[in-house]
Protein chains: 2
Amino acid sequence: MTTRRRPGLGTNQELARRHNLGTVLRHVHGAGQISRAELTGLMGLNRSTIAALVNELEALGITERVLPVEGTPRQGAGRPSAGVRIAEQGPFVIAVDLGVDRAVVARIGLGGRVLQRAQAPVRSDGEAWQVGAAVAGLIRCVVEEVPDAAQLVGIGVSVPGLVRNSDGLIRLAPNLEWHDVSFGGIVLAALGLDVPVSIANDADLGALAEHVRGVAVGVDDLIYVSGNVGVGAGVITGGVRLEGAGGYAGEVGHLRFNPAGRECHCGNRGCWETEVGAHAIAEAIHCPTDKVAQLDEVLDGFGEPSPALRATGTALGHGLASIVNVFNPRQVVLGGYFRSLYALVGPEVEAGLANRALPAPLESVTLTLPGLGSDSSLLGAAEIALEPLFVDPVAALGTALVGVGTRLAG
Amino acid sequence: MTTRRRPGLGTNQELARRHNLGTVLRHVHGAGQISRAELTGLMGLNRSTIAALVNELEALGITERVLPVEGTPRQGAGRPSAGVRIAEQGPFVIAVDLGVDRAVVARIGLGGRVLQRAQAPVRSDGEAWQVGAAVAGLIRCVVEEVPDAAQLVGIGVSVPGLVRNSDGLIRLAPNLEWHDVSFGGIVLAALGLDVPVSIANDADLGALAEHVRGVAVGVDDLIYVSGNVGVGAGVITGGVRLEGAGGYAGEVGHLRFNPAGRECHCGNRGCWETEVGAHAIAEAIHCPTDKVAQLDEVLDGFGEPSPALRATGTALGHGLASIVNVFNPRQVVLGGYFRSLYALVGPEVEAGLANRALPAPLESVTLTLPGLGSDSSLLGAAEIALEPLFVDPVAALGTALVGVGTRLAG
DNA sequence: GTCCTCCGTCCTCTCGCACAACAAATTCTG
DNA sequence: CAGAATTTGTTGTGCGAGAGGACGGAGGAC
């Protein structure tokens, strides 16, 4: 992903340098390992400039040099290029994925490698501070083996709900029954730390992760539609996250679908969510209410799809058609329990989409499953926490925390 | 508006310079006239740097110096700052607004001033080459008084239809009954010229114009919903046009609205357009079919709204709710005949929106009328034609044409 | 009328990137 | 197998762009 600068500003020399340094790091982060020669080609800068930038990253302890021999097998003539990769004790973030029934916490290094992970069930009627304490405990678990030199850049949190982008306040998380919760503050207080916390919607983060390291690498216009009790979407357009004025963009679950339909918890009637939401599907397949949170597993254990389930697939396709018409994505990624649903009634979904979408946007769109499985949102949470590093590596390391392992152990 | 660079690239010194020069010009263009001191503050660059940039623009003949006396009345102490404004014989573009029943062509200077304009009726069953010839004739009209030194930067065209952004091909214009028309080539051939032609959807351009010089100046997340026989929307998010993979984003007219509703020309049933499109409204107010293209005027002559019209207003509000949920804009601008409709049944529209939108996105959104009246799309066409000038003024002037007046007169 | 504030201009300095030359490492070719 | 060809890393130099300070000018505040 790319970030956008505030428009109208001039480009300073210092700014250009920061941008170049961050962009080099972004490439290393995205590719895992990359040669200087490739960086030269990708960024359009001179060899010597790339060398200077890489050297600076090395001096900062972020990356390390790889001998040419270790790299990929040679192609073509010429001296092999030295590789750049994330340092062994490089910076890391903590990613938190708050699900409807469990919380997953992982320590994720720059470069996207999951270094440690832990998870625990979360009661859906839990108070925010209880969940925060549980998450803090999981965080303590995953920082046990942190090397002394490694720095914590920040914490990223994925939440199934509406998150205000200006301050990360969770305005509404229906499944957790939260209203206006400042979850970042709660977790930091429980940890006794002060690091940057970034919070965003789970579908938005799913889209981000699939764009950076999933099935949509190189695709600049994609939508991640997530079935997660509620239905939401994360949108990336032109390679940038679509946030909207407050950060609430992508609430496709409450698109009007059938005004004669069922009542929705939002107060309206016939929202798309009332047809393809978890409760609707559970009803269609006679799944007990207490297993709605594990709907994906229930669906995975399904054999031949029932007519009701086929109808749900068609409804999913019809709703996707509206989304495709409105956003004109190149790729639609079906996350959450839509993965399992698509495996069962894929043809119905495709047909529903093809029947209702306009020809022009339809011809360039493809429907796919996530490349990161159920970790999309978790990895997306890591991405937003890492983001400051790509905007200004030096500044981000300045606010980063060293020795987190010992600090949290005490 | 701002443009986005291809991500992943490095920032060159030359690139930074071009960007700064273009940004200065963008500010002058946006403000009409601006002082060097203001530029210094806005762009965050040094006085001497701004001076160098302004001098370069003057040397290029794009801007001219304004004595401090002529400027705005002084505020505060200190030496007054010299102003910068677009030169009298500065660059200009030709903007074309293809409507459903008429074509408007204007010569528009950098800075957004309409210098000359002309219009002619267009038969809705006209072949593309006929319309192209008519437009070429109008263009000849508006370049009659062009000063010799002034340069034509390009031609911008607003089309009520789906336009492919990669090459400007008009994929589909329902009201003109066009399929896959290369209108840019047709007009250039009729003129015997070779200048850059930019083509885009009318609602997209309406949004752009309202963002740059209309009611949404300073608003970075807005939607321009245009009623223009068909219903479409232009979206600006984060200050950037939302285009989608092919450029077709914003087709809100075919959002599913009422699956039990009327058949739509797109082949589906109950699209939003079948409830708030021109034909639906015409039917509701018993307006004859041949006056549908002038629906805005018909509505303007209306007194007390009928119940059917009130219901249409509610349907408009309900559809806007879906749009607000999905895009989370700060402002929704109602263009085309929705202007007239809103004047009649504004309360119904507002109520429909408030009843169906989610609280979070609803609280920050406002419904407004266009600040540019019916010229939104025309001025937006001028903006996309001017865009290259803000990306790289020197290069854009390099491809610009001098002496267009005499060349087209002969 | 004097002081203060702010602005434009000029000059110098610094910094970042490009470029060229050379050395090194590898493949290709005869 | 040896030399040519190719590509890359390294180093030093040059250029260009923005920053910063000194100076003078233009107006407001007292």
# chains A, B, ... in the order shown; residues from 1 in each chain; ligands from 1
$ interface_residues --of "chain A" --to "chain D" --cutoff "12 Å" --atoms "only C-alpha atoms (C1' of nucleotides)" --output "NGL selection string"
:A and (10-16 or 35-38 or 40 or 47-52 or 68 or 74-83)
$ residues_around --residues "region 333-340 of chain B" --least-positions-apart "6" --cutoff "8 Å" --atoms "only C-alpha atoms (C1' of nucleotides)" --output "list in words"
Gly206, Ala207, Leu222, Ile223, Tyr224, Val225, Ser226, Gly227, Asn228, Leu295, Asp296, Glu297, Leu299, Asp300, Leu367, Thr368, Leu369, Pro370, Gly373 and Ser374 of chain B
$ closest_atom_pairs --of "region 8-74 of chain A" --to "region 379-388 of chain A" --cutoff "10 Å" --atoms "only C-alpha atoms" --output "tab-separated table"
residue	atom	partner	partner_atom	distance
A:Gly22	CA	A:Pro388	CA	8.9
A:Arg26	CA	A:Glu387	CA	9.0
A:His29	CA	A:Leu386	CA	9.8
$ closest_residue --among "A:Gly154, A:Leu193, A:Ile285, A:Arg17" --to "chain C" --atoms "only C-alpha atoms (C1' of nucleotides)"
A:Arg17
$ interface_residues --of "chain C" --to "chain A" --cutoff "6 Å" --atoms "only C-alpha atoms (C1' of nucleotides)" --output "PyMOL selection string"
chain C and resi 25-27
$ write_last_selection --atoms "all heavy atoms" --output "short mmCIF file (atom, residue, chain, number, x, y, z; two decimals), in the first residue's frame"
data_model
loop_
_atom_site.label_atom_id
_atom_site.label_comp_id
_atom_site.auth_asym_id
_atom_site.auth_seq_id
_atom_site.Cartn_x
_atom_site.Cartn_y
_atom_site.Cartn_z
P DA C 25 35.38 -9.99 -5.90
OP1 DA C 25 35.20 -10.10 -4.44
OP2 DA C 25 36.63 -10.45 -6.54
"O5'" DA C 25 34.16 -10.73 -6.61
"C5'" DA C 25 32.86 -10.20 -6.43
"C4'" DA C 25 31.95 -10.69 -7.53
"O4'" DA C 25 32.19 -9.91 -8.73
"C3'" DA C 25 32.15 -12.16 -7.92
"O3'" DA C 25 30.89 -12.79 -7.97
"C2'" DA C 25 32.79 -12.09 -9.30
"C1'" DA C 25 32.19 -10.80 -9.83
N9 DA C 25 32.97 -10.16 -10.90
C8 DA C 25 34.31 -9.91 -10.93
N7 DA C 25 34.73 -9.30 -12.02
C5 DA C 25 33.57 -9.15 -12.75
C6 DA C 25 33.33 -8.56 -14.02
N6 DA C 25 34.27 -8.02 -14.78
N1 DA C 25 32.05 -8.57 -14.47
C2 DA C 25 31.10 -9.11 -13.70
N3 DA C 25 31.21 -9.67 -12.50
C4 DA C 25 32.48 -9.66 -12.09
P DT C 26 30.75 -14.31 -7.64
OP1 DT C 26 29.73 -14.45 -6.59
OP2 DT C 26 32.10 -14.89 -7.45
"O5'" DT C 26 30.17 -14.88 -9.00
"C5'" DT C 26 28.94 -14.38 -9.47
"C4'" DT C 26 28.90 -14.27 -10.97
"O4'" DT C 26 29.96 -13.41 -11.46
"C3'" DT C 26 29.10 -15.57 -11.76
"O3'" DT C 26 27.83 -16.14 -12.06
"C2'" DT C 26 29.85 -15.14 -13.01
"C1'" DT C 26 29.95 -13.62 -12.86
N1 DT C 26 31.18 -13.07 -13.45
C2 DT C 26 31.08 -12.39 -14.63
O2 DT C 26 30.03 -12.22 -15.23
N3 DT C 26 32.26 -11.89 -15.13
C4 DT C 26 33.50 -12.01 -14.55
O4 DT C 26 34.50 -11.52 -15.09
C5 DT C 26 33.55 -12.72 -13.31
C7 DT C 26 34.87 -12.93 -12.61
C6 DT C 26 32.40 -13.21 -12.82
P DT C 27 27.74 -17.47 -12.90
OP1 DT C 27 26.52 -18.18 -12.47
OP2 DT C 27 29.05 -18.15 -12.87
"O5'" DT C 27 27.53 -16.92 -14.38
"C5'" DT C 27 26.47 -16.00 -14.65
"C4'" DT C 27 26.51 -15.56 -16.10
"O4'" DT C 27 27.75 -14.85 -16.35
"C3'" DT C 27 26.43 -16.68 -17.13
"O3'" DT C 27 25.55 -16.30 -18.17
"C2'" DT C 27 27.87 -16.81 -17.61
"C1'" DT C 27 28.36 -15.38 -17.51
N1 DT C 27 29.83 -15.25 -17.33
C2 DT C 27 30.55 -14.51 -18.23
O2 DT C 27 30.06 -13.94 -19.19
N3 DT C 27 31.90 -14.44 -17.97
C4 DT C 27 32.59 -15.03 -16.92
O4 DT C 27 33.79 -14.90 -16.79
C5 DT C 27 31.76 -15.79 -16.02
C7 DT C 27 32.38 -16.46 -14.84
C6 DT C 27 30.44 -15.86 -16.26
#
$ residues_around --residues "region 85-95 of chain A" --least-positions-apart "3" --cutoff "7 Å" --atoms "only C-alpha atoms (C1' of nucleotides)" --output "JSON, numbers by chain"
{"A": [28, 32, 33, 34, 61, 62, 63, 64, 65, 66, 105, 106, 107, 108, 109, 110, 111, 147, 149, 150, 151, 152, 153, 154, 155, 156, 157, 378, 381, 382, 385, 386]}
$ closest_residue --among "A:Cys287, A:Ala133, A:Ala173, A:Leu208" --to "chain B" --atoms "only C-alpha atoms"
A:Ala173
$ interface_residues --of "chain A" --to "chain B" --cutoff "6 Å" --atoms "only C-alpha atoms" --output "PDB file with C-alpha atoms, in the first residue's frame"
ATOM      1  CA  LEU A   9       2.589  20.876   0.294  1.00  0.00           C
ATOM      2  CA  GLY A  10       5.924  21.370  -1.295  1.00  0.00           C
ATOM      3  CA  THR A  11       8.608  18.732  -1.453  1.00  0.00           C
ATOM      4  CA  ALA A  16      12.400  13.502  -0.399  1.00  0.00           C
ATOM      5  CA  ASN A  20      13.133   7.450  -0.434  1.00  0.00           C
ATOM      6  CA  MET A  43      12.642   3.079  -7.676  1.00  0.00           C
ATOM      7  CA  ASP A 221      -8.263  -1.822  -6.851  1.00  0.00           C
ATOM      8  CA  GLY A 244     -14.033   8.061   4.033  1.00  0.00           C
ATOM      9  CA  ALA A 245     -14.470  11.166   6.155  1.00  0.00           C
ATOM     10  CA  TYR A 248     -16.355   4.232   8.316  1.00  0.00           C
ATOM     11  CA  ALA A 249     -16.340   3.588   4.567  1.00  0.00           C
ATOM     12  CA  GLY A 250     -17.177   0.105   3.342  1.00  0.00           C
ATOM     13  CA  GLU A 251     -20.261  -0.682   5.397  1.00  0.00           C
ATOM     14  CA  VAL A 252     -21.771  -2.802   2.673  1.00  0.00           C
ATOM     15  CA  LEU A 255     -26.851  -1.817   1.628  1.00  0.00           C
ATOM     16  CA  ASN A 258     -34.797  -6.274  -0.191  1.00  0.00           C
ATOM     17  CA  SER A 322     -23.930  -3.734  -6.486  1.00  0.00           C
ATOM     18  CA  ASN A 325     -20.905  -1.526  -9.965  1.00  0.00           C
ATOM     19  CA  VAL A 326     -20.093   1.057  -7.345  1.00  0.00           C
ATOM     20  CA  PHE A 327     -16.379   0.443  -6.815  1.00  0.00           C
ATOM     21  CA  ASN A 328     -15.253  -1.174 -10.063  1.00  0.00           C
ATOM     22  CA  PRO A 329     -12.586  -3.317  -8.381  1.00  0.00           C
ATOM     23  CA  ARG A 330     -10.238  -5.625 -10.249  1.00  0.00           C
TER      24      ARG A 330
END
$ select_by_dssp --residues "region 27-199 of chain B" --states "helix (DSSP H, G or I)" --output "PDB file with C-alpha atoms, in the first residue's frame"
ATOM      1  CA  HIS B  27      -2.506  27.020  -5.697  1.00  0.00           C
ATOM      2  CA  VAL B  28      -2.612  29.985  -8.029  1.00  0.00           C
ATOM      3  CA  HIS B  29      -5.193  28.185 -10.115  1.00  0.00           C
ATOM      4  CA  GLY B  30      -7.308  27.378  -7.118  1.00  0.00           C
ATOM      5  CA  ALA B  31      -7.199  30.752  -5.445  1.00  0.00           C
ATOM      6  CA  ARG B  36       3.910  34.812  -2.268  1.00  0.00           C
ATOM      7  CA  ALA B  37       3.686  34.933   1.487  1.00  0.00           C
ATOM      8  CA  GLU B  38       0.584  32.736   1.420  1.00  0.00           C
ATOM      9  CA  LEU B  39       2.333  30.307  -0.883  1.00  0.00           C
ATOM     10  CA  THR B  40       5.221  30.140   1.554  1.00  0.00           C
ATOM     11  CA  GLY B  41       2.860  29.241   4.358  1.00  0.00           C
ATOM     12  CA  LEU B  42       0.799  26.761   2.373  1.00  0.00           C
ATOM     13  CA  MET B  43       3.677  24.856   0.878  1.00  0.00           C
ATOM     14  CA  ARG B  47      10.736  32.353   0.845  1.00  0.00           C
ATOM     15  CA  SER B  48      13.618  32.180  -1.533  1.00  0.00           C
ATOM     16  CA  THR B  49      12.453  28.870  -2.932  1.00  0.00           C
ATOM     17  CA  ILE B  50       8.961  30.186  -3.541  1.00  0.00           C
ATOM     18  CA  ALA B  51      10.466  33.219  -5.218  1.00  0.00           C
ATOM     19  CA  ALA B  52      12.463  31.009  -7.567  1.00  0.00           C
ATOM     20  CA  LEU B  53       9.403  28.932  -8.429  1.00  0.00           C
ATOM     21  CA  VAL B  54       7.220  31.972  -9.038  1.00  0.00           C
ATOM     22  CA  ASN B  55       9.902  33.503 -11.209  1.00  0.00           C
ATOM     23  CA  GLU B  56      10.050  30.376 -13.297  1.00  0.00           C
ATOM     24  CA  LEU B  57       6.287  30.408 -13.831  1.00  0.00           C
ATOM     25  CA  GLU B  58       6.535  34.058 -14.869  1.00  0.00           C
ATOM     26  CA  ALA B  59       9.325  33.263 -17.283  1.00  0.00           C
ATOM     27  CA  PRO B  68       0.931  44.668  -3.604  1.00  0.00           C
ATOM     28  CA  VAL B  69      -1.395  47.674  -3.882  1.00  0.00           C
ATOM     29  CA  GLU B  70      -3.834  45.856  -6.133  1.00  0.00           C
ATOM     30  CA  ALA B 128     -21.012   9.962 -32.930  1.00  0.00           C
ATOM     31  CA  TRP B 129     -19.350  11.584 -35.928  1.00  0.00           C
ATOM     32  CA  GLN B 130     -22.261  13.998 -36.329  1.00  0.00           C
ATOM     33  CA  VAL B 131     -21.999  15.048 -32.723  1.00  0.00           C
ATOM     34  CA  GLY B 132     -18.244  15.285 -33.132  1.00  0.00           C
ATOM     35  CA  ALA B 133     -18.643  17.601 -36.109  1.00  0.00           C
ATOM     36  CA  ALA B 134     -21.077  19.777 -34.183  1.00  0.00           C
ATOM     37  CA  VAL B 135     -18.696  19.970 -31.242  1.00  0.00           C
ATOM     38  CA  ALA B 136     -15.840  20.836 -33.587  1.00  0.00           C
ATOM     39  CA  GLY B 137     -17.914  23.692 -34.936  1.00  0.00           C
ATOM     40  CA  LEU B 138     -18.568  24.985 -31.431  1.00  0.00           C
ATOM     41  CA  ILE B 139     -14.866  24.740 -30.666  1.00  0.00           C
ATOM     42  CA  ARG B 140     -14.116  26.882 -33.705  1.00  0.00           C
ATOM     43  CA  CYS B 141     -16.536  29.446 -32.292  1.00  0.00           C
ATOM     44  CA  VAL B 142     -14.934  29.691 -28.892  1.00  0.00           C
ATOM     45  CA  PHE B 183     -14.904  10.495 -29.269  1.00  0.00           C
ATOM     46  CA  GLY B 184     -11.539  12.150 -28.738  1.00  0.00           C
ATOM     47  CA  GLY B 185     -10.255  10.910 -32.055  1.00  0.00           C
ATOM     48  CA  ILE B 186     -13.429  11.978 -33.815  1.00  0.00           C
ATOM     49  CA  VAL B 187     -13.221  15.545 -32.560  1.00  0.00           C
ATOM     50  CA  LEU B 188      -9.511  15.853 -33.260  1.00  0.00           C
ATOM     51  CA  ALA B 189     -10.007  14.563 -36.775  1.00  0.00           C
ATOM     52  CA  ALA B 190     -12.803  17.045 -37.386  1.00  0.00           C
ATOM     53  CA  LEU B 191     -10.584  19.847 -36.162  1.00  0.00           C
TER      54      LEU B 191
END
$ atom_distance --atom1 "CA of Ile281 (chain B)" --atom2 "CA of Arg310 (chain B)"
10.5 Å
$ atom_distance --atom1 "CA of Glu144 (chain A)" --atom2 "CA of Gln119 (chain A)"
14.7 Å
$ residues_around --residues "Val100 (chain B)" --least-positions-apart "6" --cutoff "7 Å" --atoms "only C-alpha atoms (C1' of nucleotides)" --output "list in words"
Ser124, Asn175, Leu176 and Ala293 of chain B
$ residues_around --residues "Gly313 (chain A)" --least-positions-apart "2" --cutoff "7 Å" --atoms "only C-alpha atoms (C1' of nucleotides)" --output "list in words"
Leu309, Arg310, Ala311, Ala315, Leu316, Gly317, Val345, Glu348 and Val349 of chain A
$ write_last_selection --atoms "all heavy atoms" --output "PDB file, in the first residue's frame"
ATOM      1  N   LEU A 309     -29.176 -22.817   0.904  1.00  0.00           N
ATOM      2  CA  LEU A 309     -27.810 -22.319   0.886  1.00  0.00           C
ATOM      3  C   LEU A 309     -27.446 -21.810  -0.509  1.00  0.00           C
ATOM      4  O   LEU A 309     -26.735 -20.815  -0.669  1.00  0.00           O
ATOM      5  CB  LEU A 309     -26.847 -23.432   1.309  1.00  0.00           C
ATOM      6  CG  LEU A 309     -25.516 -22.970   1.903  1.00  0.00           C
ATOM      7  CD1 LEU A 309     -25.747 -22.084   3.111  1.00  0.00           C
ATOM      8  CD2 LEU A 309     -24.660 -24.169   2.279  1.00  0.00           C
ATOM      9  N   ARG A 310     -27.982 -22.508  -1.508  1.00  0.00           N
ATOM     10  CA  ARG A 310     -27.754 -22.027  -2.871  1.00  0.00           C
ATOM     11  C   ARG A 310     -28.358 -20.642  -3.056  1.00  0.00           C
ATOM     12  O   ARG A 310     -27.765 -19.763  -3.695  1.00  0.00           O
ATOM     13  CB  ARG A 310     -28.390 -22.994  -3.876  1.00  0.00           C
ATOM     14  CG  ARG A 310     -27.663 -24.313  -4.011  1.00  0.00           C
ATOM     15  CD  ARG A 310     -28.364 -25.169  -5.091  1.00  0.00           C
ATOM     16  NE  ARG A 310     -27.980 -26.567  -5.008  1.00  0.00           N
ATOM     17  CZ  ARG A 310     -26.877 -27.056  -5.561  1.00  0.00           C
ATOM     18  NH1 ARG A 310     -26.074 -26.247  -6.227  1.00  0.00           N
ATOM     19  NH2 ARG A 310     -26.580 -28.334  -5.444  1.00  0.00           N
ATOM     20  N   ALA A 311     -29.525 -20.449  -2.505  1.00  0.00           N
ATOM     21  CA  ALA A 311     -30.159 -19.130  -2.608  1.00  0.00           C
ATOM     22  C   ALA A 311     -29.314 -18.071  -1.919  1.00  0.00           C
ATOM     23  O   ALA A 311     -29.200 -16.934  -2.396  1.00  0.00           O
ATOM     24  CB  ALA A 311     -31.554 -19.179  -1.988  1.00  0.00           C
ATOM     25  N   ALA A 315     -27.761 -14.696  -3.438  1.00  0.00           N
ATOM     26  CA  ALA A 315     -27.912 -13.383  -2.796  1.00  0.00           C
ATOM     27  C   ALA A 315     -26.543 -12.726  -2.588  1.00  0.00           C
ATOM     28  O   ALA A 315     -26.388 -11.510  -2.758  1.00  0.00           O
ATOM     29  CB  ALA A 315     -28.627 -13.528  -1.459  1.00  0.00           C
ATOM     30  N   LEU A 316     -25.566 -13.547  -2.238  1.00  0.00           N
ATOM     31  CA  LEU A 316     -24.215 -13.000  -2.106  1.00  0.00           C
ATOM     32  C   LEU A 316     -23.747 -12.422  -3.436  1.00  0.00           C
ATOM     33  O   LEU A 316     -23.219 -11.309  -3.494  1.00  0.00           O
ATOM     34  CB  LEU A 316     -23.262 -14.109  -1.627  1.00  0.00           C
ATOM     35  CG  LEU A 316     -21.788 -13.742  -1.475  1.00  0.00           C
ATOM     36  CD1 LEU A 316     -21.613 -12.579  -0.532  1.00  0.00           C
ATOM     37  CD2 LEU A 316     -20.972 -14.938  -0.989  1.00  0.00           C
ATOM     38  N   GLY A 317     -23.976 -13.171  -4.504  1.00  0.00           N
ATOM     39  CA  GLY A 317     -23.575 -12.679  -5.826  1.00  0.00           C
ATOM     40  C   GLY A 317     -24.302 -11.407  -6.203  1.00  0.00           C
ATOM     41  O   GLY A 317     -23.708 -10.473  -6.746  1.00  0.00           O
ATOM     42  N   VAL A 345     -20.945 -23.028  -2.620  1.00  0.00           N
ATOM     43  CA  VAL A 345     -21.887 -22.551  -3.642  1.00  0.00           C
ATOM     44  C   VAL A 345     -21.228 -21.523  -4.554  1.00  0.00           C
ATOM     45  O   VAL A 345     -21.862 -20.554  -4.979  1.00  0.00           O
ATOM     46  CB  VAL A 345     -23.148 -21.954  -2.997  1.00  0.00           C
ATOM     47  CG1 VAL A 345     -23.922 -23.032  -2.267  1.00  0.00           C
ATOM     48  CG2 VAL A 345     -22.795 -20.830  -2.035  1.00  0.00           C
ATOM     49  N   GLU A 348     -23.058 -20.480  -7.794  1.00  0.00           N
ATOM     50  CA  GLU A 348     -24.210 -19.599  -7.576  1.00  0.00           C
ATOM     51  C   GLU A 348     -23.754 -18.160  -7.345  1.00  0.00           C
ATOM     52  O   GLU A 348     -24.378 -17.207  -7.822  1.00  0.00           O
ATOM     53  CB  GLU A 348     -25.033 -20.083  -6.374  1.00  0.00           C
ATOM     54  CG  GLU A 348     -25.963 -21.253  -6.669  1.00  0.00           C
ATOM     55  CD  GLU A 348     -25.217 -22.580  -6.676  1.00  0.00           C
ATOM     56  OE1 GLU A 348     -24.006 -22.582  -6.381  1.00  0.00           O
ATOM     57  OE2 GLU A 348     -25.841 -23.608  -6.994  1.00  0.00           O
ATOM     58  N   VAL A 349     -22.675 -18.012  -6.596  1.00  0.00           N
ATOM     59  CA  VAL A 349     -22.176 -16.664  -6.342  1.00  0.00           C
ATOM     60  C   VAL A 349     -21.736 -16.006  -7.644  1.00  0.00           C
ATOM     61  O   VAL A 349     -22.132 -14.872  -7.956  1.00  0.00           O
ATOM     62  CB  VAL A 349     -20.994 -16.703  -5.352  1.00  0.00           C
ATOM     63  CG1 VAL A 349     -20.477 -15.303  -5.084  1.00  0.00           C
ATOM     64  CG2 VAL A 349     -21.414 -17.366  -4.048  1.00  0.00           C
TER      65      VAL A 349
END
$ select_by_dssp --residues "region 187-227 of chain B" --states "strand (DSSP E)" --output "PyMOL selection string"
chain B and resi 197-201+222-227
$ decode --residues "region 265-276 of chain A" --atoms "N, CA, C and O atoms" --output "PDB file, in the first residue's frame"
ATOM      1  N   HIS A 265     -30.740  -5.447  12.612  1.00  0.00           N
ATOM      2  CA  HIS A 265     -30.453  -4.847  13.921  1.00  0.00           C
ATOM      3  C   HIS A 265     -30.134  -3.358  13.823  1.00  0.00           C
ATOM      4  O   HIS A 265     -30.114  -2.657  14.837  1.00  0.00           O
ATOM      5  N   CYS A 266     -29.892  -2.869  12.615  1.00  0.00           N
ATOM      6  CA  CYS A 266     -29.615  -1.435  12.460  1.00  0.00           C
ATOM      7  C   CYS A 266     -30.907  -0.639  12.459  1.00  0.00           C
ATOM      8  O   CYS A 266     -30.877   0.593  12.453  1.00  0.00           O
ATOM      9  N   GLY A 267     -32.055  -1.322  12.446  1.00  0.00           N
ATOM     10  CA  GLY A 267     -33.322  -0.611  12.494  1.00  0.00           C
ATOM     11  C   GLY A 267     -34.046  -0.585  11.169  1.00  0.00           C
ATOM     12  O   GLY A 267     -35.240  -0.309  11.120  1.00  0.00           O
ATOM     13  N   ASN A 268     -33.349  -0.901  10.107  1.00  0.00           N
ATOM     14  CA  ASN A 268     -33.994  -0.920   8.799  1.00  0.00           C
ATOM     15  C   ASN A 268     -34.523  -2.308   8.487  1.00  0.00           C
ATOM     16  O   ASN A 268     -34.461  -3.219   9.320  1.00  0.00           O
ATOM     17  N   ARG A 269     -34.976  -2.447   7.283  1.00  0.00           N
ATOM     18  CA  ARG A 269     -35.540  -3.725   6.846  1.00  0.00           C
ATOM     19  C   ARG A 269     -34.836  -4.140   5.557  1.00  0.00           C
ATOM     20  O   ARG A 269     -34.653  -3.333   4.653  1.00  0.00           O
ATOM     21  N   GLY A 270     -34.419  -5.391   5.530  1.00  0.00           N
ATOM     22  CA  GLY A 270     -33.914  -5.945   4.271  1.00  0.00           C
ATOM     23  C   GLY A 270     -32.517  -5.521   3.887  1.00  0.00           C
ATOM     24  O   GLY A 270     -32.196  -5.493   2.704  1.00  0.00           O
ATOM     25  N   CYS A 271     -31.695  -5.164   4.870  1.00  0.00           N
ATOM     26  CA  CYS A 271     -30.290  -4.924   4.560  1.00  0.00           C
ATOM     27  C   CYS A 271     -29.688  -6.213   3.997  1.00  0.00           C
ATOM     28  O   CYS A 271     -30.155  -7.318   4.289  1.00  0.00           O
ATOM     29  N   TRP A 272     -28.611  -6.060   3.236  1.00  0.00           N
ATOM     30  CA  TRP A 272     -27.940  -7.223   2.648  1.00  0.00           C
ATOM     31  C   TRP A 272     -27.563  -8.223   3.735  1.00  0.00           C
ATOM     32  O   TRP A 272     -27.631  -9.433   3.551  1.00  0.00           O
ATOM     33  N   GLU A 273     -27.174  -7.687   4.879  1.00  0.00           N
ATOM     34  CA  GLU A 273     -26.752  -8.528   5.991  1.00  0.00           C
ATOM     35  C   GLU A 273     -27.857  -9.465   6.464  1.00  0.00           C
ATOM     36  O   GLU A 273     -27.577 -10.557   6.957  1.00  0.00           O
ATOM     37  N   THR A 274     -29.093  -9.068   6.295  1.00  0.00           N
ATOM     38  CA  THR A 274     -30.183  -9.944   6.722  1.00  0.00           C
ATOM     39  C   THR A 274     -30.339 -11.143   5.797  1.00  0.00           C
ATOM     40  O   THR A 274     -31.093 -12.064   6.088  1.00  0.00           O
ATOM     41  N   GLU A 275     -29.655 -11.133   4.671  1.00  0.00           N
ATOM     42  CA  GLU A 275     -29.743 -12.261   3.736  1.00  0.00           C
ATOM     43  C   GLU A 275     -28.465 -13.085   3.703  1.00  0.00           C
ATOM     44  O   GLU A 275     -28.502 -14.282   3.463  1.00  0.00           O
ATOM     45  N   VAL A 276     -27.325 -12.426   3.901  1.00  0.00           N
ATOM     46  CA  VAL A 276     -26.071 -13.174   3.812  1.00  0.00           C
ATOM     47  C   VAL A 276     -25.265 -13.077   5.106  1.00  0.00           C
ATOM     48  O   VAL A 276     -24.126 -13.524   5.150  1.00  0.00           O
TER      49      VAL A 276
END
